[in-house]
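Structure file upload-v7.cif with mmCIF, C-alpha atoms:
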data_entry
#
loop_
_atom_site.label_atom_id
_atom_site.label_comp_id
_atom_site.auth_asym_id
_atom_site.auth_seq_id
_atom_site.Cartn_x
_atom_site.Cartn_y
_atom_site.Cartn_z
CA MET A 100 126.54 143.28 91.34
CA SER A 101 129.06 143.88 88.57
CA ASP A 102 129.26 144.29 84.82
CA THR A 103 130.18 140.60 84.66
CA THR A 104 126.80 139.70 86.15
CA ILE A 105 124.96 141.92 83.67
CA ASN A 106 126.91 140.47 80.75
CA SER A 107 126.14 136.94 81.92
CA LEU A 108 122.42 137.72 82.14
CA ARG A 109 122.43 139.30 78.68
CA GLU A 110 124.25 136.30 77.24
CA ALA A 111 121.71 133.94 78.79
CA LEU A 112 118.84 136.02 77.36
CA GLY A 113 120.50 135.81 73.92
CA HIS A 114 119.98 132.06 74.05
CA SER A 115 116.49 132.34 75.60
CA PRO A 116 114.93 135.74 74.68
CA ASP A 117 111.42 134.73 75.85
CA ASN A 118 112.57 133.75 79.35
CA ARG A 119 110.57 136.28 81.39
CA PRO A 120 112.00 135.42 84.84
CA LEU A 121 115.48 135.89 83.44
CA ARG A 122 114.59 139.29 81.94
CA HIS A 123 112.98 140.32 85.23
CA LEU A 124 116.23 139.47 86.99
CA LEU A 125 118.22 141.54 84.49
CA ALA A 126 115.83 144.52 84.77
CA SER A 127 115.82 144.52 88.59
CA THR A 128 119.61 144.14 88.67
CA LEU A 129 120.01 147.12 86.35
CA LEU A 130 117.60 149.08 88.58
CA ASP A 131 119.59 148.20 91.71
CA MET A 132 122.78 149.37 89.95
CA ASN A 133 121.06 152.66 89.03
CA ARG A 134 121.47 151.92 85.30
CA LEU A 135 118.05 153.41 84.77
CA ASP A 136 117.93 153.81 80.98
CA GLU A 137 118.88 150.15 80.48
CA ALA A 138 116.38 149.03 83.14
CA GLU A 139 113.64 151.03 81.39
CA VAL A 140 114.37 149.21 78.13
CA GLU A 141 114.12 145.78 79.77
CA TYR A 142 110.88 146.60 81.62
CA SER A 143 109.39 147.99 78.37
CA ILE A 144 110.20 144.70 76.61
CA LEU A 145 108.46 142.78 79.41
CA LEU A 146 105.35 144.94 78.99
CA LYS A 147 104.99 144.35 75.25
CA ASN A 148 101.73 142.46 74.78
CA ALA A 149 101.68 141.47 78.47
CA ASN A 150 99.96 142.74 81.61
CA ASP A 151 102.99 142.20 83.82
CA ILE A 152 102.31 143.87 87.20
CA PRO A 153 105.87 143.46 88.61
CA ALA A 154 107.23 144.97 85.37
CA LYS A 155 104.86 147.93 85.70
CA MET A 156 106.01 148.46 89.28
CA GLY A 157 109.63 148.25 88.12
CA LEU A 158 109.00 150.78 85.35
CA ALA A 159 107.30 153.12 87.83
CA LYS A 160 110.37 152.91 90.09
CA VAL A 161 112.61 153.72 87.13
CA PHE A 162 110.55 156.81 86.30
CA PHE A 163 110.56 157.90 89.96
CA MET A 164 114.33 157.53 90.26
CA LYS A 165 114.81 159.48 87.01
CA GLY A 166 112.63 162.30 88.37
CA SER A 167 109.87 161.66 85.83
CA TYR A 168 107.15 161.84 88.49
CA SER A 169 104.25 162.41 86.10
CA ALA A 170 105.21 159.30 84.10
CA CYS A 171 105.56 157.36 87.36
CA ASN A 172 102.06 158.45 88.41
CA VAL A 173 100.54 157.47 85.06
CA VAL A 174 101.87 153.91 85.44
CA LEU A 175 100.81 153.65 89.10
CA GLU A 176 97.33 155.10 88.51
CA ALA A 177 96.71 152.44 85.85
CA LEU A 178 97.83 149.77 88.32
CA ILE A 179 95.62 151.16 91.08
CA GLU A 180 92.60 151.42 88.78
CA SER A 181 93.09 147.75 87.87
CA GLY A 182 92.46 146.91 91.53
CA ILE A 183 95.97 146.25 92.80
CA HIS A 184 96.15 145.80 96.58
CA ASP A 185 99.84 146.46 97.20
CA LYS A 186 101.17 148.72 99.96
CA ASN A 187 104.36 149.36 97.98
CA ALA A 188 102.41 150.65 94.98
CA PHE A 189 100.42 153.09 97.13
CA THR A 190 103.57 154.16 99.01
CA LEU A 191 105.46 154.91 95.79
CA TYR A 192 102.39 156.70 94.43
CA ALA A 193 102.26 158.85 97.59
CA LYS A 194 105.95 159.74 97.20
CA ALA A 195 105.54 160.68 93.55
CA LEU A 196 102.47 162.80 94.33
CA LEU A 197 104.40 164.51 97.12
CA LYS A 198 107.13 165.43 94.63
CA GLU A 199 104.44 167.20 92.57
CA ASN A 200 103.11 168.98 95.71
CA ALA A 201 99.79 167.10 95.53
CA TYR A 202 99.58 166.80 99.32
CA ALA A 203 95.92 165.81 99.62
CA LYS A 204 96.27 162.99 97.08
CA ALA A 205 99.53 161.88 98.68
CA ILE A 206 97.83 161.63 102.06
CA GLU A 207 95.02 159.51 100.62
CA ALA A 208 97.50 157.20 98.88
CA TYR A 209 99.57 156.76 102.05
CA LYS A 210 96.43 156.11 104.08
CA LYS A 211 95.56 153.26 101.68
CA ALA A 212 99.04 151.78 102.12
CA LEU A 213 98.55 151.89 105.90
CA ALA A 214 95.10 150.34 105.59
CA ILE A 215 96.67 147.38 103.80
CA ASP A 216 99.43 147.08 106.42
CA PRO A 217 98.84 149.14 109.63
CA GLY A 218 102.40 148.38 110.74
CA HIS A 219 103.89 149.83 107.57
CA ILE A 220 106.14 152.86 108.12
CA ASP A 221 107.78 155.19 105.63
CA GLU A 222 109.92 157.79 107.36
CA GLU A 223 109.90 160.24 104.47
CA LEU A 224 106.11 160.23 104.16
CA ASP A 225 105.63 160.36 107.93
CA LYS A 226 107.88 163.40 108.14
CA GLU A 227 106.17 165.25 105.29
CA LEU A 228 102.53 164.26 105.70
CA ARG A 229 101.87 163.74 109.38
CA VAL A 230 101.50 166.53 111.94
CA LYS A 231 103.53 165.79 115.07
CA GLY A 232 101.47 165.54 118.24
CA ALA A 233 98.11 165.34 116.47
CA VAL A 234 95.83 162.35 116.75
CA MET A 235 94.43 160.42 113.82
CA MET A 236 90.78 161.07 113.14
CA PRO A 237 88.70 157.99 112.27
CA GLU A 238 88.52 157.50 108.51
CA GLU A 239 84.74 157.73 108.38
CA GLU A 240 84.54 160.73 110.66
CA GLU A 241 83.37 163.78 108.74
CA VAL A 242 82.10 167.11 110.02
CA ASP A 243 78.33 166.69 110.10
CA SER A 244 75.24 167.57 112.06
CA ARG A 245 76.44 165.72 115.18
CA PHE A 246 77.97 169.04 116.29
CA LEU A 247 74.64 170.87 116.09
CA GLU A 248 72.63 171.45 119.25
CA LYS A 249 69.47 173.37 120.07
CA PRO A 250 70.08 174.50 123.68
CA ALA A 251 67.17 174.36 126.13
CA ILE A 252 68.76 176.96 128.43
CA ASN A 253 68.96 180.75 128.21
CA PHE A 254 70.13 183.67 130.34
CA LYS A 255 67.46 182.98 132.98
CA ASP A 256 69.33 179.77 133.78
CA VAL A 257 72.60 181.63 134.33
CA GLY A 258 72.93 182.92 137.88
CA GLY A 259 74.88 186.14 138.26
CA MET A 260 77.40 187.07 135.51
CA GLU A 261 75.39 190.23 134.81
CA SER A 262 78.26 192.18 133.23
CA VAL A 263 79.11 189.23 130.97
CA LYS A 264 75.49 188.87 129.88
CA LYS A 265 75.25 192.60 129.20
CA GLU A 266 78.32 192.57 126.96
CA ILE A 267 77.02 189.55 125.04
CA GLU A 268 73.63 191.20 124.66
CA LEU A 269 75.19 194.31 123.10
CA LYS A 270 77.49 192.41 120.75
CA ILE A 271 75.36 189.43 119.78
CA ILE A 272 71.75 189.50 120.92
CA LYS A 273 70.70 193.04 119.98
CA PRO A 274 71.98 192.71 116.39
CA LEU A 275 69.90 189.57 115.91
CA LEU A 276 66.77 191.14 117.40
CA HIS A 277 67.15 194.39 115.43
CA PRO A 278 68.86 193.48 112.15
CA GLU A 279 67.18 196.36 110.27
CA LEU A 280 68.86 198.94 112.52
CA TYR A 281 72.28 197.40 111.99
CA LYS A 282 71.68 197.15 108.26
CA ALA A 283 70.78 200.86 108.14
CA TYR A 284 74.22 201.65 109.59
CA GLY A 285 75.96 199.18 107.32
CA LYS A 286 76.89 196.81 110.15
CA LYS A 287 76.80 193.04 109.75
CA VAL A 288 74.86 190.77 112.07
CA GLY A 289 77.48 188.45 113.50
CA GLY A 290 81.04 188.70 114.66
CA GLY A 291 83.01 187.37 117.56
CA ILE A 292 83.65 187.77 121.26
CA LEU A 293 86.36 186.20 123.34
CA LEU A 294 85.61 184.93 126.85
CA TYR A 295 88.61 184.57 129.13
CA GLY A 296 89.15 183.73 132.76
CA PRO A 297 90.15 180.89 135.09
CA PRO A 298 89.03 177.37 134.12
CA GLY A 299 85.75 175.97 135.40
CA CYS A 300 83.90 179.30 135.62
CA GLY A 301 81.12 178.68 133.11
CA LYS A 302 82.43 179.93 129.76
CA THR A 303 80.87 177.03 127.88
CA TYR A 304 77.60 177.36 129.82
CA ILE A 305 77.21 181.07 129.06
CA ALA A 306 77.95 180.42 125.37
CA LYS A 307 75.26 177.75 125.22
CA ALA A 308 72.82 180.01 127.06
CA THR A 309 73.54 182.73 124.48
CA ALA A 310 72.38 180.42 121.70
CA GLY A 311 69.26 179.55 123.69
CA GLN A 312 68.57 183.24 124.33
CA VAL A 313 68.28 183.97 120.59
CA ASN A 314 66.80 180.58 119.64
CA ALA A 315 69.89 179.79 117.58
CA LYS A 316 71.67 176.54 116.89
CA PHE A 317 74.82 175.86 118.87
CA ILE A 318 78.08 174.26 117.73
CA ASN A 319 80.63 173.42 120.41
CA VAL A 320 84.07 172.46 119.11
CA SER A 321 87.44 172.07 120.78
CA LEU A 322 90.97 171.43 119.63
CA ASN A 323 90.42 167.67 119.39
CA ASP A 324 87.54 168.15 116.94
CA ILE A 325 89.83 170.06 114.58
CA LEU A 326 93.34 168.63 114.81
CA ASP A 327 94.23 165.79 112.46
CA MET A 328 97.49 163.91 112.04
CA TRP A 329 97.61 164.54 108.28
CA MET A 330 98.94 167.76 106.81
CA GLY A 331 96.15 170.01 105.56
CA ASN A 332 93.32 168.03 107.15
CA SER A 333 93.14 170.24 110.26
CA GLU A 334 92.53 173.28 108.04
CA LYS A 335 89.86 171.33 106.15
CA ASN A 336 88.16 170.27 109.41
CA LEU A 337 88.10 173.89 110.58
CA HIS A 338 86.66 175.10 107.27
CA ASP A 339 83.98 172.39 107.32
CA ILE A 340 82.90 173.41 110.83
CA PHE A 341 82.52 177.04 109.74
CA GLU A 342 80.58 175.89 106.67
CA LEU A 343 78.25 173.92 108.94
CA ALA A 344 77.63 177.07 111.00
CA ARG A 345 77.03 179.18 107.87
CA ALA A 346 74.51 176.64 106.62
CA ASN A 347 72.55 176.74 109.89
CA THR A 348 72.19 180.45 110.74
CA PRO A 349 71.48 181.92 113.16
CA CYS A 350 74.17 179.89 114.82
CA VAL A 351 76.51 180.33 117.77
CA LEU A 352 79.86 178.72 117.03
CA PHE A 353 81.72 178.17 120.28
CA ILE A 354 85.45 177.38 120.01
CA ASP A 355 86.87 176.15 123.29
CA GLU A 356 90.62 176.17 124.06
CA ILE A 357 91.14 178.73 121.33
CA ASP A 358 94.45 179.63 122.98
CA ALA A 359 95.76 176.21 121.85
CA LEU A 360 94.32 176.67 118.36
CA GLY A 361 95.37 180.30 117.92
CA ALA A 362 98.68 180.54 119.74
CA ASN A 363 101.03 183.34 118.79
CA ARG A 364 102.52 182.61 115.36
CA SER A 365 105.89 184.02 116.40
CA ASP A 366 106.19 181.13 118.88
CA MET A 367 105.30 178.50 116.29
CA LYS A 368 108.12 176.24 115.11
CA GLN A 369 105.94 174.06 112.86
CA SER A 370 104.57 175.55 109.67
CA SER A 371 101.45 173.40 110.10
CA GLY A 372 100.54 175.36 113.25
CA ARG A 373 100.96 178.68 111.48
CA GLN A 374 98.84 177.47 108.57
CA LEU A 375 96.04 176.47 110.92
CA ILE A 376 96.08 179.90 112.58
CA ASN A 377 95.98 181.58 109.17
CA GLN A 378 93.03 179.38 108.21
CA LEU A 379 91.17 180.39 111.37
CA LEU A 380 91.82 184.07 110.67
CA THR A 381 90.52 183.62 107.12
CA GLU A 382 87.36 181.94 108.40
CA LEU A 383 86.80 184.68 110.98
CA ASP A 384 87.16 187.35 108.31
CA GLY A 385 84.65 185.58 106.07
CA ILE A 386 86.79 186.46 103.04
CA ASN A 387 85.60 183.56 100.89
CA GLU A 388 82.27 182.93 102.64
CA ALA A 389 80.09 185.46 104.47
CA ASN A 390 79.64 184.98 108.21
CA GLU A 391 76.32 186.82 108.32
CA GLY A 392 74.28 185.35 111.16
CA VAL A 393 77.22 183.32 112.53
CA LEU A 394 78.01 184.39 116.09
CA ILE A 395 81.49 183.24 117.09
CA ILE A 396 82.45 182.86 120.74
CA GLY A 397 85.96 181.84 121.67
CA ALA A 398 87.04 180.75 125.14
CA THR A 399 90.54 180.77 126.59
CA ASN A 400 92.21 180.47 129.96
CA THR A 401 95.35 182.22 128.67
CA PRO A 402 94.48 185.21 126.48
CA TRP A 403 98.09 186.43 126.67
CA ASN A 404 99.12 183.43 124.52
CA LEU A 405 96.68 184.33 121.74
CA ASP A 406 98.02 185.79 118.49
CA PRO A 407 97.36 189.58 118.52
CA ALA A 408 95.82 189.27 115.05
CA PHE A 409 92.73 187.70 116.67
CA ARG A 410 91.93 190.95 118.45
CA ARG A 411 91.61 193.06 115.31
CA PRO A 412 88.20 194.62 114.51
CA GLY A 413 85.81 192.17 112.92
CA ARG A 414 87.37 189.17 114.64
CA PHE A 415 87.34 188.88 118.45
CA ASP A 416 86.99 192.62 118.88
CA ARG A 417 85.18 192.33 122.23
CA ILE A 418 87.05 190.53 125.01
CA ILE A 419 85.09 189.67 128.14
CA PHE A 420 86.44 188.57 131.51
CA VAL A 421 84.49 185.68 133.07
CA PRO A 422 85.37 185.73 136.79
CA PRO A 423 84.69 183.02 139.37
CA PRO A 424 81.02 182.98 140.39
CA ASP A 425 79.96 185.72 142.78
CA ALA A 426 78.15 185.02 146.06
CA ALA A 427 74.68 184.93 144.48
CA THR A 428 75.87 182.54 141.80
CA ARG A 429 77.65 180.28 144.28
CA ASP A 430 74.42 180.17 146.29
CA SER A 431 72.48 179.11 143.17
CA ILE A 432 75.06 176.49 142.21
CA LEU A 433 75.11 174.97 145.69
CA ARG A 434 71.32 174.75 145.95
CA LEU A 435 71.04 173.29 142.46
CA LYS A 436 73.74 170.66 143.03
CA LEU A 437 72.35 169.64 146.42
CA ASN A 438 68.74 169.53 145.27
CA SER A 439 68.71 165.85 144.22
CA LYS A 440 70.87 164.55 147.08
CA PRO A 441 70.00 163.47 150.62
CA VAL A 442 70.52 166.59 152.72
CA GLY A 443 69.79 167.64 156.27
CA ALA A 444 70.07 171.14 157.68
CA ILE A 445 72.60 173.02 155.56
CA ASP A 446 73.59 176.61 156.11
CA VAL A 447 74.16 177.49 152.46
CA GLU A 448 75.08 181.10 153.26
CA SER A 449 77.98 180.04 155.47
CA ILE A 450 79.34 177.77 152.72
CA VAL A 451 78.99 180.61 150.21
CA LYS A 452 81.13 182.83 152.44
CA LYS A 453 83.81 180.16 152.73
CA THR A 454 84.04 179.62 148.96
CA GLU A 455 85.07 183.04 147.66
CA HIS A 456 87.15 182.67 144.46
CA TYR A 457 85.90 179.09 144.01
CA SER A 458 84.95 178.16 140.47
CA GLY A 459 81.83 176.21 139.56
CA ALA A 460 84.06 173.17 139.08
CA ASP A 461 85.51 173.72 142.57
CA ILE A 462 82.00 173.73 144.07
CA ASP A 463 81.28 170.45 142.29
CA ALA A 464 84.48 169.09 143.81
CA ILE A 465 83.65 170.01 147.43
CA ILE A 466 80.20 168.43 147.10
CA ASP A 467 81.81 165.25 145.71
CA ILE A 468 84.31 165.17 148.60
CA ALA A 469 81.50 165.64 151.14
CA ILE A 470 79.54 162.80 149.54
CA GLU A 471 82.57 160.47 149.59
CA LEU A 472 83.07 161.14 153.29
CA LYS A 473 79.39 160.51 153.96
CA LEU A 474 79.42 157.27 151.93
CA GLU A 475 82.03 155.80 154.25
CA ALA A 476 79.64 156.24 157.17
CA SER A 477 76.70 154.93 155.14
CA PHE A 478 78.46 151.66 154.28
CA GLU A 479 78.16 150.52 157.93
CA ASP A 480 74.36 150.11 157.86
CA GLY A 481 73.53 150.71 154.18
CA VAL A 482 71.37 153.73 155.01
CA PRO A 483 72.18 157.01 153.15
CA LYS A 484 73.23 159.66 155.66
CA PRO A 485 72.10 163.21 154.85
CA LEU A 486 74.70 165.86 154.11
CA GLU A 487 75.12 168.46 156.82
CA THR A 488 76.82 171.85 156.97
CA LYS A 489 79.85 170.36 158.73
CA ASP A 490 80.36 167.88 155.85
CA LEU A 491 80.62 170.69 153.30
CA THR A 492 82.78 172.75 155.66
CA ASN A 493 85.24 169.86 156.01
CA ALA A 494 85.26 169.43 152.23
CA VAL A 495 86.09 173.14 151.78
CA LYS A 496 89.08 172.69 154.08
CA ARG A 497 90.31 169.81 151.93
CA HIS A 498 89.81 171.49 148.54
CA LYS A 499 91.19 174.99 148.00
CA ALA A 500 90.12 177.29 145.18
CA SER A 501 91.81 176.18 141.94
CA THR A 502 91.57 179.71 140.53
CA GLN A 503 94.32 181.10 142.76
CA GLU A 504 97.14 179.78 140.61
CA TRP A 505 95.50 181.30 137.53
CA PHE A 506 95.14 184.68 139.23
CA SER A 507 98.80 184.77 140.28
CA THR A 508 99.80 184.41 136.62
CA ALA A 509 97.08 186.73 135.34
CA LYS A 510 98.00 189.40 137.89
CA ASN A 511 101.52 189.65 136.43
CA PHE A 512 100.16 190.20 132.92
CA ALA A 513 97.55 192.67 134.19
CA MET A 514 100.15 194.74 136.02
CA PHE A 515 103.12 194.59 133.66
CA ALA A 516 101.77 193.82 130.16
CA ASN A 517 98.56 195.80 130.09
CA ASP A 518 99.31 198.92 128.06
CA SER A 519 95.98 198.72 126.24
CA GLY A 520 93.99 198.16 129.44
CA LEU A 521 92.95 194.74 128.17
CA TYR A 522 93.27 193.13 131.61
CA ASP A 523 91.83 195.95 133.74
CA ASP A 524 88.92 193.68 134.73
CA ILE A 525 91.38 191.33 136.43
CA LEU A 526 92.81 194.20 138.47
CA MET A 527 89.32 195.34 139.44
CA TYR A 528 88.34 191.83 140.48
CA LEU A 529 91.47 191.62 142.63
CA LYS A 530 90.63 195.10 144.04
CA ILE A 531 93.98 196.45 142.85
CA LYS A 532 92.30 199.01 140.59
CA LYS A 533 88.93 200.69 140.87
#

Spit out the file's structure as structure tokens when you get a sec.
Amino acid sequence: MSDTTINSLREALGHSPDNRPLRHLLASTLLDMNRLDEAEVEYSILLKNANDIPAKMGLAKVFFMKGSYSACNVVLEALIESGIHDKNAFTLYAKALLKENAYAKAIEAYKKALAIDPGHIDEELDKELRVKGAVMMPEEEEVDSRFLEKPAINFKDVGGMESVKKEIELKIIKPLLHPELYKAYGKKVGGGILLYGPPGCGKTYIAKATAGQVNAKFINVSLNDILDMWMGNSEKNLHDIFELARANTPCVLFIDEIDALGANRSDMKQSSGRQLINQLLTELDGINEANEGVLIIGATNTPWNLDPAFRRPGRFDRIIFVPPPDAATRDSILRLKLNSKPVGAIDVESIVKKTEHYSGADIDAIIDIAIELKLEASFEDGVPKPLETKDLTNAVKRHKASTQEWFSTAKNFAMFANDSGLYDDILMYLKIKK
């Protein structure tokens, strides 16, 4: 476009000043040429005594390009309130809100643009408002009572793990049973413990049994329940979960995979990750809301990746090693898992001896392998064949303990990064230290 074009359009309008399409063409041409003051004049003329939606959109663009974001938002808010269903209006509104640091409103506006056209993409908004690697939570999904459970199990249902149960009893159960004693010493009822150890060893089960032991409600959340693709929403989800726990005391709030949620901030490249960690620390401290009666249990397979700030007093100040099940526990697990299945003569004790260092998940796996092998034989005549000792023995040969890889990593940390004695339990389990 050139000045000649503009002059021609002005000349034509001089002969036909009420020709709205012609004035629209002049205004949009001026906008494209970045002659913003002149474009504003033309759009203002179009809006005199007329509800001209394209002219309002044009004027909003002029204000945005001039950096008058508040004026842009005023025009767009009036359009939106009138019921406009235009992805471009909501996209521009999101951009103008972003310029004013109104992130929450910008997210909502961009969501509405995407609802109108799911294939719509705006690179600037995606970069600023979405969190890379996070999944989109369903629009209607809010933190509500679906997380709440009332466990029917307690410590009687947990075989072995005596040292773990004792630690939990001192930190969590005794305070709830004797709140007056703790109050006399000025100590709050609540707080947090961190369970760590190889995967599949019953961290979630012991947490649920803890809630059942004190007749408390139980909330089990993982990373996927918290992370959201929109900036700021993950922090809101986390806060809402803590609020749910505070509203339902006594309550055990179990946070699984806390190593992914609370990774060391020094390793974080994205500010969104650091903000989420800071939010979690704030919730643990109960700075804005008291955590009285909220018992927080975190679980991690990699405690060495956790930000050191989580181990400060008042947060996860008691860290408990959850080892693979001992012989008595493996015996209980085997008998329980085999109870409802067709079995013959099984020497449980011999299988227990062969499964040292096996996790509960590993024991599940060897039973599944034994069943699969037995099913092949059962297909021939359709009659279920009972499991025998040899079937489980063969399954043990095919499935090795999954905890060994974890222990080879943990051993390095326990031997060479253990100044505080945090990982002494690992060394004792491995019989390296008494």

Applying 8 Å and all atoms listed in the file, which residues near stretch 181-189 of chain A remain after dropping the ones on its own chain fewer than 3 positions away? List them as a PyMOL selection string. chain A and resi 156+175+177-178+192-193+208-209+211-213+215-216

Any chance you could export the current selection's C-alpha atoms as a PDB file, in the frame of the given file?
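Everything below was put into out-v1.pdb:
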ATOM      1  CA  MET A 156     106.010 148.460  89.280  1.00  0.00           C
ATOM      2  CA  LEU A 175     100.810 153.650  89.100  1.00  0.00           C
ATOM      3  CA  ALA A 177      96.710 152.440  85.850  1.00  0.00           C
ATOM      4  CA  LEU A 178      97.830 149.770  88.320  1.00  0.00           C
ATOM      5  CA  TYR A 192     102.390 156.700  94.430  1.00  0.00           C
ATOM      6  CA  ALA A 193     102.260 158.850  97.590  1.00  0.00           C
ATOM      7  CA  ALA A 208      97.500 157.200  98.880  1.00  0.00           C
ATOM      8  CA  TYR A 209      99.570 156.760 102.050  1.00  0.00           C
ATOM      9  CA  LYS A 211      95.560 153.260 101.680  1.00  0.00           C
ATOM     10  CA  ALA A 212      99.040 151.780 102.120  1.00  0.00           C
ATOM     11  CA  LEU A 213      98.550 151.890 105.900  1.00  0.00           C
ATOM     12  CA  ILE A 215      96.670 147.380 103.800  1.00  0.00           C
ATOM     13  CA  ASP A 216      99.430 147.080 106.420  1.00  0.00           C
TER      14      ASP A 216
END

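Between atom CA of A:Ser501 and atom CA of A:Lys530 the interatomic distance comes to 19.1 Å.
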
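Of the residues listed (A:Glu141, A:Glu223, A:Glu261, A:Glu268), A:Glu268 shows the shortest atom-to-atom separation from A:Leu394; distances use only C-alpha atoms.
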
On this structure, which residues satisfy the PyMOL selection byres ((chain A and resi 399-412) around 8), written as JSON, numbers by chain? {"A": [293, 294, 295, 296, 297, 298, 355, 356, 357, 358, 361, 362, 363, 364, 380, 397, 398, 413, 414, 415, 416, 417, 512]}

Give me the residues within 12 Å of stretch 489-499 of chain A as a ChimeraX atom specification, counting only C-alpha atoms and dropping any in the same chain fewer than 6 places off. /A:433,437,442-458,460-474,476

Those residues you just picked out, can you put them in a file as an mmCIF file, in the frame of the given file with C-alpha atoms?
data_model
loop_
_atom_site.group_PDB
_atom_site.id
_atom_site.type_symbol
_atom_site.label_atom_id
_atom_site.label_comp_id
_atom_site.auth_asym_id
_atom_site.auth_seq_id
_atom_site.Cartn_x
_atom_site.Cartn_y
_atom_site.Cartn_z
ATOM 1 C CA LEU A 433 75.110 174.970 145.690
ATOM 2 C CA LEU A 437 72.350 169.640 146.420
ATOM 3 C CA VAL A 442 70.520 166.590 152.720
ATOM 4 C CA GLY A 443 69.790 167.640 156.270
ATOM 5 C CA ALA A 444 70.070 171.140 157.680
ATOM 6 C CA ILE A 445 72.600 173.020 155.560
ATOM 7 C CA ASP A 446 73.590 176.610 156.110
ATOM 8 C CA VAL A 447 74.160 177.490 152.460
ATOM 9 C CA GLU A 448 75.080 181.100 153.260
ATOM 10 C CA SER A 449 77.980 180.040 155.470
ATOM 11 C CA ILE A 450 79.340 177.770 152.720
ATOM 12 C CA VAL A 451 78.990 180.610 150.210
ATOM 13 C CA LYS A 452 81.130 182.830 152.440
ATOM 14 C CA LYS A 453 83.810 180.160 152.730
ATOM 15 C CA THR A 454 84.040 179.620 148.960
ATOM 16 C CA GLU A 455 85.070 183.040 147.660
ATOM 17 C CA HIS A 456 87.150 182.670 144.460
ATOM 18 C CA TYR A 457 85.900 179.090 144.010
ATOM 19 C CA SER A 458 84.950 178.160 140.470
ATOM 20 C CA ALA A 460 84.060 173.170 139.080
ATOM 21 C CA ASP A 461 85.510 173.720 142.570
ATOM 22 C CA ILE A 462 82.000 173.730 144.070
ATOM 23 C CA ASP A 463 81.280 170.450 142.290
ATOM 24 C CA ALA A 464 84.480 169.090 143.810
ATOM 25 C CA ILE A 465 83.650 170.010 147.430
ATOM 26 C CA ILE A 466 80.200 168.430 147.100
ATOM 27 C CA ASP A 467 81.810 165.250 145.710
ATOM 28 C CA ILE A 468 84.310 165.170 148.600
ATOM 29 C CA ALA A 469 81.500 165.640 151.140
ATOM 30 C CA ILE A 470 79.540 162.800 149.540
ATOM 31 C CA GLU A 471 82.570 160.470 149.590
ATOM 32 C CA LEU A 472 83.070 161.140 153.290
ATOM 33 C CA LYS A 473 79.390 160.510 153.960
ATOM 34 C CA LEU A 474 79.420 157.270 151.930
ATOM 35 C CA ALA A 476 79.640 156.240 157.170
#

How would you write as a ChimeraX atom specification the residues that get within 8 Å of (95.2, 163.0, 104.6) in the file's frame, counting all atoms listed in the file? /A:202-207,210,228,328-332

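You will find atom CA of A:Ser507 at 10.6 Å from atom CA of A:Ile525.
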
List the neighbours of A:Val263 out to 7 Å using all atoms listed in the file; skip same-chain residues closer than 3 positions along the sequence, and give me the result as a ChimeraX atom specification. /A:260,266-267,419,421

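Taking only C-alpha atoms into account, A:Gly392 lies nearest to A:Lys316 out of the set A:Arg373, A:Lys307, A:Lys316, A:Lys436.
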
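Proximity of A:Ile179, A:Leu360, A:Leu112, A:Leu526 to A:Ile152, computed with all atoms listed in the file, is greatest for A:Ile179.
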
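Considering the residues A:Ile292, A:Cys300, A:Ile144, A:Ile396 and counting all atoms listed in the file, A:Val320 has its shortest atom-to-atom contact with A:Ile396.
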
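Using all atoms listed in the file for every distance, the candidate list A:Ala344, A:Ile432, A:Leu379, A:Gly481 yields A:Ala344 as the residue closest to A:Val393.
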
Please determine, counting only C-alpha atoms, which residue among A:Arg109, A:Lys265, A:Lys510, A:Arg134 has the shortest atom-to-atom distance to A:Arg122. A:Arg109

Output of the PyMOL selection byres ((chain A and resi 428) around 9), listed as a ChimeraX atom specification: /A:257-260,424-427,429-433,459

Residues within 9 Å of stretch 128-131 of chain A, all atoms listed in the file, excluding chain neighbours under 6 positions, as a PyMOL selection string: chain A and resi 100+104-105+137-139+141+157+160-161

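The coordinates place atom CA of A:Gln503 at 12.4 Å from atom CA of A:Gly299.
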
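Selection result for the displayed file, with the PyMOL selection byres ((chain A and resi 347) around 10) as criterion, is Ser244, Leu247, Ala315, Lys316, Phe317, Ile318, Phe341, Glu342, Leu343, Ala344, Arg345, Ala346, Thr348, Pro349, Cys350, Val351, Gly392 and Val393 of chain A.
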
Name the residues in contact with stretch 323-325 of chain A at a cut-off of 6 Å, using all atoms listed in the file, excluding same-chain residues fewer than 6 positions from it; report them as a list in words. Ser333, Asn336 and Leu337 of chain A
